[in-house]
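What follows is a short report on a single structure.
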Amino acid sequence: MPLHPEIATFLAGLPTPPEGPLDPVSMRAVDEAHVAPLEERLPLHAVDDVTAQTASGEVPVRIYTPVEADSYGVLVYFHGGAFFLGSLETHDHVARSLAKETGFKVISVGYRLAPEAAFPAGLDDCYAVVRWAAEEGESLAWDSTTLAIAGDSSGGTFVAAVAGKAHDDGFHRITHQVLYYPSLDLDFDVDRYASLRENAVGHGLETAGLKPFNAFYIDSGADPADPLVSPIKRAELTGLPPALIVTAEYDPLRDEGELYGRRLREAGVEATVSRYEGAGHGFVQHFSWIPEYHRVFAQTRDFLSRR
């Protein structure tokens with residue numbers, strides 16, 4: 001199907017981006033300026049800002065409790081933003097929707113960003129918060145059964161990397177991984193993935209922008225050949241947690257996400273790959289108010305209900 005008409009209309013109204021090098025500080029300010037005021041956000045039983053004391057240091061997290069209950073499954077969420085954008089605020093609405101739809105207690109991670117924090121600072125923060133959540137299970141009212149991780153775009157990169165890192169460390173408490181249109185191969189070889197060519201322009205995220213957007217992360221020491229940077233390069237996938245991989249029809253990153261799902265299945269890992277037709281990269285963050293895309297949260301709920 002064609003690009004969803006409401007997405008196409010939105011993209012047509014965007015101003016031409018300024019030429020020259022990217023400025024992370026000003027781009028973050030633009031992101032934060034579009035955050036909805038508190039009174040317009042989805043209400044939940046409780047939303048608490050906490051500092052997690054982890055092996056990685058002090059990491060700010062925001063904990064979303066959907067309803068009052070004796071115990072909860074826990075979902076640790078990593079926001080997207082090409083490793084240099086995004087925050088607890090810019091993705092607050094995503095975390096609220098995840099908590100509301102799944103009934104899980106959601107822990108959103110305010111990990112350190114490039115270029116100010118060199119690789120692997122952000123990844124270490126995400127992994128450390130997952131370990132912290134397990135250790136603090138009693139205070140979180142964790143049901144000790146379901147500990148899931150989820151992320152969009154570069155947050156999806158961290159999901160795959162954290163799942164692999166946890167497996168290698170012998171930490172087997174992660175029960176599910178959810179990757180929304182993940183970036184899994186940071187060398188951006190256009191000859192490797194047809195979607196990098198087919199969806200190169202006109203759908204929001206453009207192929208030509210991938211290298212400059214990810215340069216802050218790569219230049220901070222993130223080697224695209226490293227499986228912790230490009231998880232699709234991980235040789236052994238056996239034993240990883242079951243995965244839900246959501247891709248978008250008009251996303252340049254579509255094919256690498258779908259290939260990762262196939263590789264997981266070939267390794268004996270339960271993996272569901274779901275392509276959202278008419279959608280482009282970023283639709284969970286920017287267009288989940290469109291009914292056919294809001295169902296991604298119900299799909300996530302259904303996936304997390306599998307034991």
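In the structure tokens, chains take letters A, B, ... by order of appearance, with residues numbered from 1 within each chain and ligands from 1 in the order shown.
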
Quick one: contact table of segment 36-81 of chain A to segment 110-129 of chain A, 10 Å max, nearest atom pair and distance in Å to one decimal per residue, counting only C-alpha atoms, chain and number order, as a Markdown table?
| residue | atom | partner | partner_atom | distance |
| --- | --- | --- | --- | --- |
| A:Thr51 | CA | A:Gly110 | CA | 9.6 |
| A:Ala52 | CA | A:Val129 | CA | 7.0 |
| A:Gln53 | CA | A:Val129 | CA | 8.4 |
| A:Thr54 | CA | A:Ala128 | CA | 5.7 |
| A:Ala55 | CA | A:Ala128 | CA | 6.0 |
| A:Ser56 | CA | A:Asp125 | CA | 5.6 |
| A:Gly57 | CA | A:Asp125 | CA | 7.8 |
| A:Glu58 | CA | A:Asp125 | CA | 8.6 |
| A:Val59 | CA | A:Gly110 | CA | 6.5 |
| A:Pro60 | CA | A:Gly110 | CA | 5.1 |
| A:Val61 | CA | A:Gly110 | CA | 5.5 |
| A:Arg62 | CA | A:Gly110 | CA | 7.9 |
| A:Val76 | CA | A:Val129 | CA | 7.9 |
| A:Tyr77 | CA | A:Cys126 | CA | 8.6 |
| A:Phe78 | CA | A:Cys126 | CA | 7.0 |
| A:His79 | CA | A:Gly110 | CA | 8.2 |
| A:Gly81 | CA | A:Leu113 | CA | 9.4 |

Exercise. Which residues, written as a list in words, have at least one atom at most 9 Å from Glu198 of chain A, with only C-alpha atoms counted and residues fewer than 5 positions away on the same chain left out?
Worked result: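 Counting only C-alpha atoms, the residues come to Tyr250, Asp251 and Pro252 of chain A.
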
For this session: Identify, on the basis of only C-alpha atoms, every residue whose closest approach to segment 223-235 of chain A does not exceed 9 Å; exclude the query and any residue fewer than 5 positions from it along the same chain; express the result as a PyMOL selection string.
Result: chain A and resi 120+123+157-158+160-162+164-165+183-187+218+256-257+259-260+263

Save out the residues we just selected, C-alpha atoms, as a compact mmCIF listing (two decimals), in the first residue's frame.
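Final output, again38.txt:
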# COMPACT_ATOMS: atom_id res chain seq x y z
CA PRO A 120 29.64 1.92 25.43
CA LEU A 123 24.62 0.48 26.27
CA THR A 157 19.75 -1.77 18.76
CA PHE A 158 20.28 -1.68 22.50
CA ALA A 160 19.41 -6.79 20.75
CA ALA A 161 22.81 -5.90 22.23
CA VAL A 162 21.57 -6.19 25.82
CA GLY A 164 23.24 -10.83 23.67
CA LYS A 165 25.33 -9.36 26.46
CA SER A 183 18.89 -0.39 13.53
CA LEU A 184 20.95 -3.58 13.55
CA ASP A 185 23.70 -3.05 10.98
CA LEU A 186 25.48 0.26 11.39
CA ASP A 187 27.74 0.00 8.37
CA ILE A 218 30.33 5.72 15.76
CA GLU A 256 17.91 -5.75 8.34
CA GLY A 257 15.21 -6.12 11.01
CA LEU A 259 16.73 -10.62 8.29
CA TYR A 260 17.54 -10.62 12.01
CA ARG A 263 18.36 -15.57 11.64

For this session: Kindly give the distance, in Å, that separates atom CA of Glu39 of chain A and atom CA of Arg96 of chain A, rounded to a single decimal.
Result: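 Those two atoms sit 13.3 Å apart.
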
Exercise. Could you name the residues that touch Tyr180 of chain A at 9 Å or less, counting only C-alpha atoms, but leaving out those on the same chain fewer than 3 positions away, as number ranges by chain?
Worked result: A: 150-153, 155-156, 244-248, 257, 282, 284

Problem set entry | Pick from A:Val178, A:Ala200, A:Ala134, A:Leu22 nearest to Val273 of chain A, counting only C-alpha atoms |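 Selected residue with least distance to Val273 of chain A: A:Val178.
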
Please identify all polymer residues within 7 Å of segment 69-73 of chain A, counting only C-alpha atoms, omitting same-chain residues fewer than 2 positions from it, and present them as an mmCIF file with all heavy atoms, in the first residue's frame.
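Saved as part.cif:
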data_model
loop_
_atom_site.group_PDB
_atom_site.id
_atom_site.type_symbol
_atom_site.label_atom_id
_atom_site.label_comp_id
_atom_site.auth_asym_id
_atom_site.auth_seq_id
_atom_site.Cartn_x
_atom_site.Cartn_y
_atom_site.Cartn_z
ATOM 1 N N VAL A 67 -1.758 0.352 36.935
ATOM 2 C CA VAL A 67 -2.881 0.231 37.871
ATOM 3 C C VAL A 67 -2.311 -0.240 39.201
ATOM 4 O O VAL A 67 -1.169 -0.695 39.292
ATOM 5 C CB VAL A 67 -3.943 -0.787 37.377
ATOM 6 C CG1 VAL A 67 -4.592 -0.302 36.078
ATOM 7 C CG2 VAL A 67 -3.319 -2.169 37.177
ATOM 8 N N LEU A 75 8.770 -4.366 32.224
ATOM 9 C CA LEU A 75 9.272 -4.089 30.879
ATOM 10 C C LEU A 75 10.246 -2.919 30.969
ATOM 11 O O LEU A 75 9.866 -1.816 31.380
ATOM 12 C CB LEU A 75 8.122 -3.734 29.945
ATOM 13 C CG LEU A 75 8.473 -3.231 28.543
ATOM 14 C CD1 LEU A 75 9.190 -4.313 27.756
ATOM 15 C CD2 LEU A 75 7.228 -2.771 27.803
ATOM 16 N N PHE A 104 1.986 -4.008 32.327
ATOM 17 C CA PHE A 104 3.302 -4.170 32.941
ATOM 18 C C PHE A 104 3.732 -2.869 33.615
ATOM 19 O O PHE A 104 3.306 -1.780 33.225
ATOM 20 C CB PHE A 104 4.347 -4.533 31.880
ATOM 21 C CG PHE A 104 4.390 -5.983 31.522
ATOM 22 C CD1 PHE A 104 3.230 -6.721 31.333
ATOM 23 C CD2 PHE A 104 5.598 -6.628 31.355
ATOM 24 C CE1 PHE A 104 3.268 -8.058 30.995
ATOM 25 C CE2 PHE A 104 5.657 -7.964 31.008
ATOM 26 C CZ PHE A 104 4.493 -8.689 30.833
ATOM 27 N N LYS A 105 4.610 -3.020 34.601
ATOM 28 C CA LYS A 105 5.329 -1.856 35.118
ATOM 29 C C LYS A 105 6.458 -1.578 34.140
ATOM 30 O O LYS A 105 7.281 -2.458 33.851
ATOM 31 C CB LYS A 105 5.877 -2.129 36.523
ATOM 32 C CG LYS A 105 6.574 -0.949 37.147
ATOM 33 C CD LYS A 105 6.802 -1.159 38.641
ATOM 34 C CE LYS A 105 5.510 -1.010 39.410
ATOM 35 N NZ LYS A 105 5.758 -0.903 40.888
ATOM 36 N N ALA A 141 7.699 -4.616 43.057
ATOM 37 C CA ALA A 141 6.556 -5.539 43.001
ATOM 38 C C ALA A 141 6.593 -6.389 41.743
ATOM 39 O O ALA A 141 5.561 -6.724 41.158
ATOM 40 C CB ALA A 141 5.228 -4.789 43.121
ATOM 41 N N TRP A 142 7.785 -6.752 41.331
ATOM 42 C CA TRP A 142 7.967 -7.612 40.163
ATOM 43 C C TRP A 142 7.431 -9.006 40.467
ATOM 44 O O TRP A 142 7.655 -9.542 41.563
ATOM 45 C CB TRP A 142 9.447 -7.666 39.804
ATOM 46 C CG TRP A 142 9.805 -8.560 38.659
ATOM 47 C CD1 TRP A 142 9.089 -8.776 37.523
ATOM 48 C CD2 TRP A 142 10.977 -9.372 38.550
ATOM 49 N NE1 TRP A 142 9.749 -9.667 36.697
ATOM 50 C CE2 TRP A 142 10.905 -10.045 37.301
ATOM 51 C CE3 TRP A 142 12.078 -9.591 39.364
ATOM 52 C CZ2 TRP A 142 11.896 -10.924 36.862
ATOM 53 C CZ3 TRP A 142 13.076 -10.461 38.934
ATOM 54 C CH2 TRP A 142 12.982 -11.125 37.692
ATOM 55 N N ASP A 143 6.767 -9.595 39.503
ATOM 56 C CA ASP A 143 6.199 -10.921 39.716
ATOM 57 C C ASP A 143 7.234 -12.038 39.622
ATOM 58 O O ASP A 143 6.900 -13.219 39.783
ATOM 59 C CB ASP A 143 5.044 -11.184 38.749
ATOM 60 C CG ASP A 143 5.478 -11.183 37.284
ATOM 61 O OD1 ASP A 143 6.683 -11.205 36.992
ATOM 62 O OD2 ASP A 143 4.576 -11.149 36.406
ATOM 63 N N THR A 145 8.476 -13.328 37.220
ATOM 64 C CA THR A 145 8.191 -14.231 36.104
ATOM 65 C C THR A 145 8.595 -13.616 34.773
ATOM 66 O O THR A 145 9.333 -14.221 33.992
ATOM 67 C CB THR A 145 6.702 -14.595 36.073
ATOM 68 O OG1 THR A 145 6.356 -15.239 37.297
ATOM 69 C CG2 THR A 145 6.387 -15.500 34.890
ATOM 70 N N THR A 146 8.108 -12.398 34.493
ATOM 71 C CA THR A 146 8.326 -11.785 33.188
ATOM 72 C C THR A 146 9.187 -10.544 33.331
ATOM 73 O O THR A 146 8.809 -9.590 34.019
ATOM 74 C CB THR A 146 6.997 -11.415 32.513
ATOM 75 O OG1 THR A 146 6.148 -12.560 32.486
ATOM 76 C CG2 THR A 146 7.233 -10.933 31.089
ATOM 77 N N LEU A 147 10.348 -10.555 32.684
ATOM 78 C CA LEU A 147 11.235 -9.396 32.617
ATOM 79 C C LEU A 147 11.556 -9.180 31.141
ATOM 80 O O LEU A 147 12.362 -9.903 30.554
ATOM 81 C CB LEU A 147 12.515 -9.617 33.429
ATOM 82 C CG LEU A 147 13.562 -8.505 33.384
ATOM 83 C CD1 LEU A 147 12.993 -7.184 33.888
ATOM 84 C CD2 LEU A 147 14.813 -8.889 34.171
#

Per residue of segment 204-256 of chain A within 12 Å of segment 85-92 of chain A, record the nearest atom pair and its distance in Å to one decimal, counting only C-alpha atoms, with rows in chain order and ascending residue number, as CSV.
residue,atom,partner,partner_atom,distance
A:Phe213,CA,A:Leu85,CA,9.5
A:Asn214,CA,A:Leu85,CA,10.4
A:Phe216,CA,A:Leu85,CA,10.3
A:Tyr217,CA,A:Leu85,CA,10.8

Determine, counting only C-alpha atoms, which protein, DNA and RNA residues have an atom within 12 Å of an atom of Leu38 of chain A; residues of the same chain fewer than 3 positions away are not included. Present the result as a compact mmCIF listing (two decimals) with C-alpha atoms, in the first residue's frame.
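Final file, part_19.txt:
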# COMPACT_ATOMS: atom_id res chain seq x y z
CA VAL A 35 6.65 17.19 24.21
CA ARG A 41 -0.61 12.82 28.81
CA LEU A 42 -2.23 9.42 29.24
CA PRO A 43 -3.08 9.05 32.95
CA LEU A 44 -1.74 6.06 34.88
CA VAL A 47 4.63 7.79 37.28
CA GLU A 89 10.40 13.19 28.05
CA ASP A 92 7.09 9.48 27.66
CA HIS A 93 3.96 8.86 25.61
CA ARG A 96 2.72 5.31 28.98

For this session: From a DSSP pass on the backbone, collect the residues of segment 90-251 of chain A flagged as alpha helix (DSSP H) and hand them back as a ChimeraX atom specification.
Result: /A:92-102,121-135,154-169,194-198,207-218

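Shortest atom-to-atom contact with Arg301 of chain A among A:Glu101, A:Asp219, A:Glu68, A:Asp169: A:Glu101, counting only C-alpha atoms.
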